[in-house]
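Shown next: entry20.csv, containing CSV, C-alpha atoms and all ligand atoms.
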chain,number,residue,atom,x,y,z
H,24,MET,CA,0.0,0.0,0.0
H,25,ILE,CA,1.5,3.3,-1.2
H,26,VAL,CA,0.0,6.1,1.0
H,27,ASP,CA,-0.5,9.6,-0.5
H,28,TYR,CA,2.6,9.7,-2.7
H,29,GLN,CA,1.3,12.9,-4.3
H,30,ASN,CA,2.8,16.1,-5.7
H,31,ASP,CA,1.6,18.2,-2.8
H,32,PHE,CA,3.5,16.1,-0.3
H,33,ASN,CA,6.7,16.1,-2.4
H,34,PRO,CA,9.3,19.0,-2.6
H,35,GLY,CA,7.7,22.1,-4.1
H,36,GLY,CA,4.2,20.9,-3.1
H,37,ALA,CA,1.7,22.7,-0.8
H,38,LEU,CA,2.5,20.4,2.2
H,39,ALA,CA,6.0,19.2,1.2
H,40,VAL,CA,7.4,16.3,3.3
H,41,PRO,CA,11.2,16.7,3.7
H,42,GLU,CA,12.9,14.1,1.5
H,43,GLY,CA,9.6,12.9,0.2
H,44,ASP,CA,11.2,12.4,-3.2
H,45,ARG,CA,14.0,10.2,-1.8
H,46,ILE,CA,11.7,7.2,-1.3
H,47,ALA,CA,10.3,6.8,-4.9
H,48,ALA,CA,12.9,4.3,-6.0
H,49,HIS,CA,12.3,2.1,-3.0
H,50,ILE,CA,8.5,2.2,-3.4
H,51,ASN,CA,8.9,1.4,-7.2
H,52,SER,CA,11.0,-1.6,-6.4
H,53,LEU,CA,8.5,-2.9,-3.9
H,54,ALA,CA,5.6,-2.3,-6.3
H,55,ALA,CA,7.4,-4.4,-8.9
H,56,ASP,CA,8.1,-7.3,-6.5
H,57,PRO,CA,5.9,-10.3,-7.5
H,58,ARG,CA,5.5,-11.3,-3.9
H,59,PHE,CA,2.8,-8.6,-3.6
H,60,ASP,CA,-0.6,-9.7,-5.1
H,61,VAL,CA,-2.1,-6.2,-5.2
H,62,VAL,CA,-0.5,-2.7,-5.2
H,63,VAL,CA,-2.9,0.0,-3.9
H,64,ALA,CA,-2.1,3.7,-4.0
H,65,THR,CA,-4.1,6.0,-1.8
H,66,ARG,CA,-4.6,9.7,-2.7
H,67,ASP,CA,-5.6,12.4,-0.3
H,68,TRP,CA,-8.5,13.9,-2.2
H,69,HIS,CA,-10.0,16.9,-0.5
H,70,PRO,CA,-13.0,19.0,-1.6
H,71,PRO,CA,-12.6,22.8,-1.5
H,72,GLY,CA,-13.3,24.0,2.0
H,73,HIS,CA,-12.1,20.8,3.6
H,74,GLY,CA,-12.1,21.1,7.4
H,75,SER,CA,-8.4,20.3,7.7
H,76,PHE,CA,-7.4,23.6,5.9
H,77,THR,CA,-6.3,26.6,8.0
H,78,GLU,CA,-9.0,28.8,6.3
H,79,GLN,CA,-11.6,26.4,7.9
H,80,GLY,CA,-9.9,26.4,11.2
H,81,GLY,CA,-7.8,23.3,10.6
H,82,VAL,CA,-4.0,22.9,10.8
H,83,TRP,CA,-2.9,22.4,7.2
H,84,PRO,CA,-2.5,24.7,4.2
H,85,VAL,CA,-4.8,23.9,1.3
H,86,HIS,CA,-3.5,20.7,-0.2
H,87,CYS,CA,-4.6,17.8,-2.4
H,88,LEU,CA,-7.6,19.5,-3.9
H,89,GLN,CA,-9.6,17.0,-5.9
H,90,ASP,CA,-8.5,17.1,-9.6
H,91,SER,CA,-5.7,19.5,-9.0
H,92,ASP,CA,-2.1,19.0,-10.1
H,93,GLY,CA,-1.1,18.8,-6.4
H,94,ALA,CA,-3.3,15.8,-5.8
H,95,GLU,CA,-1.9,13.8,-8.7
H,96,LEU,CA,0.4,10.9,-7.9
H,97,ALA,CA,4.0,12.2,-8.0
H,98,PRO,CA,5.8,11.6,-11.4
H,99,GLY,CA,8.5,9.6,-9.7
H,100,LEU,CA,6.1,6.8,-8.9
H,101,ASP,CA,5.9,4.1,-11.6
H,102,ARG,CA,2.2,3.9,-12.5
H,103,ALA,CA,2.6,0.6,-14.2
H,104,GLY,CA,3.2,-1.0,-10.8
H,105,ILE,CA,-0.1,0.3,-9.3
H,106,ASP,CA,-3.2,-1.9,-9.5
H,107,VAL,CA,-5.8,0.2,-7.7
H,108,VAL,CA,-6.1,3.9,-6.7
H,109,VAL,CA,-8.2,4.7,-3.6
H,110,ASP,CA,-9.2,8.3,-3.0
H,111,LYS,CA,-9.8,9.3,0.6
H,112,GLY,CA,-10.2,12.5,2.7
H,113,GLN,CA,-13.3,13.4,0.7
H,114,ASP,CA,-15.6,14.1,3.8
H,115,PRO,CA,-15.2,17.8,4.6
H,116,GLY,CA,-15.8,17.1,8.3
H,117,THR,CA,-13.1,14.5,9.1
H,118,ASP,CA,-9.3,14.6,8.6
H,119,GLY,CA,-9.4,11.4,6.6
H,120,TYR,CA,-5.9,10.5,7.4
H,121,SER,CA,-6.5,6.7,7.2
H,122,GLY,CA,-7.0,5.1,3.8
H,123,PHE,CA,-9.7,3.0,5.4
H,124,ASP,CA,-11.7,6.0,6.6
H,125,GLY,CA,-14.8,6.5,4.3
H,126,THR,CA,-13.5,4.2,1.6
H,127,ASN,CA,-14.1,0.6,0.4
H,128,LEU,CA,-10.4,-0.3,1.0
H,129,ALA,CA,-11.0,-3.1,3.6
H,130,GLU,CA,-13.6,-4.8,1.4
H,131,LEU,CA,-11.4,-4.4,-1.7
H,132,LEU,CA,-8.5,-6.1,0.1
H,133,ARG,CA,-10.7,-8.9,1.5
H,134,GLU,CA,-12.4,-9.6,-1.8
H,135,ARG,CA,-8.9,-10.1,-3.3
H,136,GLY,CA,-8.0,-12.5,-0.5
H,137,ILE,CA,-5.4,-10.1,1.0
H,138,ASP,CA,-4.5,-10.8,4.7
H,139,SER,CA,-1.3,-8.9,5.1
H,140,LEU,CA,-0.1,-5.5,4.0
H,141,THR,CA,3.2,-3.6,3.6
H,142,VAL,CA,2.7,0.1,4.0
H,143,VAL,CA,4.9,2.8,2.6
H,144,GLY,CA,4.5,6.5,1.5
H,145,LEU,CA,3.7,9.8,3.1
H,146,ALA,CA,3.6,10.9,5.8
H,147,THR,CA,4.9,8.7,8.5
H,148,ASP,CA,3.4,10.8,11.3
H,149,TYR,CA,-0.1,11.2,9.7
H,150,CYS,CA,-1.5,9.1,6.9
H,151,VAL,CA,0.9,6.3,7.1
H,152,LYS,CA,0.4,6.0,10.9
H,153,HIS,CA,-3.4,6.1,10.7
H,154,THR,CA,-3.6,3.8,7.8
H,155,ALA,CA,-1.2,1.2,9.3
H,156,ILE,CA,-2.9,1.3,12.7
H,157,GLU,CA,-6.4,1.0,11.2
H,158,ALA,CA,-5.3,-1.9,9.0
H,159,ALA,CA,-4.1,-3.7,12.1
H,160,GLY,CA,-7.4,-2.9,13.8
H,161,GLU,CA,-9.2,-4.4,10.8
H,162,GLY,CA,-7.3,-7.6,11.4
H,163,PHE,CA,-4.7,-7.4,8.6
H,164,GLY,CA,-1.0,-8.2,9.3
H,165,VAL,CA,0.8,-5.0,8.8
H,166,ARG,CA,4.4,-4.0,8.2
H,167,VAL,CA,5.8,-0.6,7.6
H,168,GLU,CA,9.2,-0.2,5.9
H,169,ARG,CA,11.2,2.7,7.2
H,170,ALA,CA,13.1,3.0,3.9
H,171,GLY,CA,9.8,3.7,2.2
H,172,VAL,CA,8.3,6.4,4.5
H,173,ARG,CA,9.1,10.0,5.4
H,174,GLY,CA,7.4,12.3,8.0
H,175,VAL,CA,6.3,15.9,8.3
H,176,ASP,CA,7.8,16.3,11.9
H,177,VAL,CA,5.9,19.5,12.8
H,178,GLU,CA,7.5,18.8,16.2
H,179,ALA,CA,10.9,17.2,16.2
H,180,GLY,CA,10.5,13.5,16.9
H,181,ASP,CA,6.9,13.1,15.6
H,182,SER,CA,7.9,10.4,13.2
H,183,GLU,CA,9.8,8.4,15.8
H,184,ARG,CA,6.8,8.6,18.1
H,185,ALA,CA,4.5,7.6,15.3
H,186,ILE,CA,6.8,4.5,14.7
H,187,GLU,CA,6.4,3.6,18.4
H,188,GLU,CA,2.6,4.1,18.3
H,189,MET,CA,2.4,1.8,15.3
H,190,ARG,CA,4.6,-0.8,17.0
H,191,ALA,CA,2.4,-0.6,20.1
H,192,ALA,CA,-0.6,-1.3,17.8
H,193,GLY,CA,0.9,-4.5,16.5
H,194,VAL,CA,2.5,-3.1,13.3
H,195,GLU,CA,5.8,-4.7,12.4
H,196,ILE,CA,8.5,-2.1,11.6
H,197,SER,CA,11.4,-3.1,9.3
Z,1,LIG,C1,-1.5,14.0,5.3
Z,1,LIG,C2,-1.6,16.0,6.5
Z,1,LIG,C3,-2.8,16.3,5.9
Z,1,LIG,C4,-0.7,12.8,4.9
Z,1,LIG,C5,-2.7,14.3,4.7
Z,1,LIG,O1,-0.9,12.2,3.8
Z,1,LIG,O2,0.0,12.3,5.8
Z,1,LIG,N1,-0.9,14.8,6.2
Z,1,LIG,N2,-3.3,15.5,5.0
Z,2,ZN,ZN,-5.0,16.0,3.8

Kindly transcribe the structure held in the file into structure tokens.
Ligand code: VGL
Ligand code: ZN
Amino acid sequence: MIVDYQNDFNPGGALAVPEGDRIAAHINSLAADPRFDVVVATRDWHPPGHGSFTEQGGVWPVHCLQDSDGAELAPGLDRAGIDVVVDKGQDPGTDGYSGFDGTNLAELLRERGIDSLTVVGLATDYCVKHTAIEAAGEGFGVRVERAGVRGVDVEAGDSERAIEEMRAAGVEIS
């Protein structure tokens, strides 16, 4: 599962994650690995006026507006390796950090017989964390690869704390 690997979270984007561009090659090699049956890419996909935007009293600048360039998957990502794109964050009233929140992701995975997930992408301390913890709560085996994630780190140490929270929720960190 490739979480929110979009232009707005990459350098130059509206909510750029430091070194976000450095993980593309690792993600592409995972996506090409035949040991994975399905490769899902989530997109943060907000309507105008989303509640997470500062103008609405939220904490983030406007980012990942539906159908905008910023919401597109970043060009460094090899599209050929992606089987399914899942859009989330569409409900204006919730943060929508998790790929399972308001989507059919759990059903999609179960229909395809998937019981364990490897999660990579952006950002470690928000959408990767919430997606991985919710996946574990849904009963999937979950692993997060450090080489395939980067964090925002609004406060120094946020990504490390997120890793510990994931571990405490039963997520394997490698
Ligand atoms: C994210 C902040 C706001 C993420 C999404 O993808 O981690 N972070 N929206
Ligand atoms: Zn967002």

Find, counting all atoms listed in the file, the residue in H:Asp31, H:Asp44, H:Glu195, H:Asp106 that gets nearest to H:Val62. H:Asp106

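Residues in contact with H:Arg102 at 12 Å, where only C-alpha atoms are counted and same-chain residues fewer than 4 positions away are skipped, are listed as Ile25, Tyr28, Ala47, Ile50, Asn51, Ala54, Ala55, Val62, Val63, Ala64, Glu95, Leu96, Ala97, Pro98, Asp106, Val107 and Val108 of chain H.
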
For chain H against ligand LIG 1 (chain Z), with a cut-off of 9 Å and counting only C-alpha atoms and all ligand atoms, what is the closest atom pair and its distance in Å to one decimal for every residue that makes the cut, ordered by chain and number, as CSV?
residue,atom,partner,partner_atom,distance
H:Val26,CA,Z:LIG1,O1,6.8
H:Asp27,CA,Z:LIG1,O1,5.0
H:Tyr28,CA,Z:LIG1,O1,7.8
H:Gln29,CA,Z:LIG1,O1,8.4
H:Phe32,CA,Z:LIG1,O1,7.2
H:Leu38,CA,Z:LIG1,C2,7.4
H:Val40,CA,Z:LIG1,O2,8.8
H:Thr65,CA,Z:LIG1,O1,8.9
H:Arg66,CA,Z:LIG1,O1,7.9
H:Asp67,CA,Z:LIG1,C5,6.1
H:His69,CA,Z:LIG1,N2,8.8
H:Ser75,CA,Z:LIG1,C3,7.1
H:Phe76,CA,Z:LIG1,C3,8.6
H:Val82,CA,Z:LIG1,C3,8.3
H:Trp83,CA,Z:LIG1,C3,6.2
H:Pro84,CA,Z:LIG1,C3,8.6
H:His86,CA,Z:LIG1,N2,7.4
H:Cys87,CA,Z:LIG1,N2,7.9
H:Gly112,CA,Z:LIG1,N2,7.9
H:Asp118,CA,Z:LIG1,N2,7.1
H:Gly119,CA,Z:LIG1,N2,7.5
H:Tyr120,CA,Z:LIG1,C5,5.7
H:Ser121,CA,Z:LIG1,O1,8.6
H:Gly144,CA,Z:LIG1,O1,8.2
H:Leu145,CA,Z:LIG1,O2,5.2
H:Ala146,CA,Z:LIG1,O2,3.9
H:Thr147,CA,Z:LIG1,O2,6.7
H:Asp148,CA,Z:LIG1,O2,6.6
H:Tyr149,CA,Z:LIG1,O2,4.1
H:Cys150,CA,Z:LIG1,O2,3.7
H:Val151,CA,Z:LIG1,O2,6.2
H:Lys152,CA,Z:LIG1,O2,8.1
H:His153,CA,Z:LIG1,O2,8.6
H:Gly174,CA,Z:LIG1,O2,7.7
H:Val175,CA,Z:LIG1,N1,7.6

Hey, which of H:Asn127, H:Gln113, H:Ser91, H:Ser139 ends up closest to ligand ZN 2 (chain Z)? Count all atoms listed in the file. H:Gln113

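Using all atoms listed in the file, the residues found no farther than 12 Å from H:Ser52, other than those of its own chain fewer than 6 positions away, are Ile25, Ile46, Arg58, Phe59, Val62, Gly99, Leu100, Asp101, Ala103, Gly104, Ile105, Val143, Ala170 and Gly171 of chain H.
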
Go ahead and write the selection's residues with C-alpha atoms as an mmCIF file, keeping the file's coordinate frame.
data_model
loop_
_atom_site.group_PDB
_atom_site.id
_atom_site.type_symbol
_atom_site.label_atom_id
_atom_site.label_comp_id
_atom_site.auth_asym_id
_atom_site.auth_seq_id
_atom_site.Cartn_x
_atom_site.Cartn_y
_atom_site.Cartn_z
ATOM 1 C CA ILE H 25 1.500 3.300 -1.200
ATOM 2 C CA ILE H 46 11.700 7.200 -1.300
ATOM 3 C CA ARG H 58 5.500 -11.300 -3.900
ATOM 4 C CA PHE H 59 2.800 -8.600 -3.600
ATOM 5 C CA VAL H 62 -0.500 -2.700 -5.200
ATOM 6 C CA GLY H 99 8.500 9.600 -9.700
ATOM 7 C CA LEU H 100 6.100 6.800 -8.900
ATOM 8 C CA ASP H 101 5.900 4.100 -11.600
ATOM 9 C CA ALA H 103 2.600 0.600 -14.200
ATOM 10 C CA GLY H 104 3.200 -1.000 -10.800
ATOM 11 C CA ILE H 105 -0.100 0.300 -9.300
ATOM 12 C CA VAL H 143 4.900 2.800 2.600
ATOM 13 C CA ALA H 170 13.100 3.000 3.900
ATOM 14 C CA GLY H 171 9.800 3.700 2.200
#

The distance between atom CA of H:His73 and atom CA of H:Val177 is 20.3 Å

Fewer than 6 positions away in the same chain doesn't count, so skip those; otherwise give me all residues within 9 Å of H:Ile137, counting all atoms listed in the file, as a ChimeraX atom specification. /H:60-61,131,163

File dump, residues just selected, C-alpha atoms, as a short mmCIF file (atom, residue, chain, number, x, y, z; two decimals), in the frame of the given file:
data_model
loop_
_atom_site.label_atom_id
_atom_site.label_comp_id
_atom_site.auth_asym_id
_atom_site.auth_seq_id
_atom_site.Cartn_x
_atom_site.Cartn_y
_atom_site.Cartn_z
CA ASP H 60 -0.60 -9.70 -5.10
CA VAL H 61 -2.10 -6.20 -5.20
CA LEU H 131 -11.40 -4.40 -1.70
CA PHE H 163 -4.70 -7.40 8.60
#

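You will find atom CA of H:Arg133 at 23.6 Å from atom CA of H:Asp114.
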
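For the point (11.1, 11.4, 4.9), the residues with at least one atom inside 6 Å, counting only C-alpha atoms, are Pro41, Glu42, Gly43, Val172, Arg173 and Gly174 of chain H.
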
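Using only C-alpha atoms, the nearest neighbour of H:Ala192 within the list H:Gly164, H:Gly36, H:Gly180, H:Gly122 is H:Gly164.
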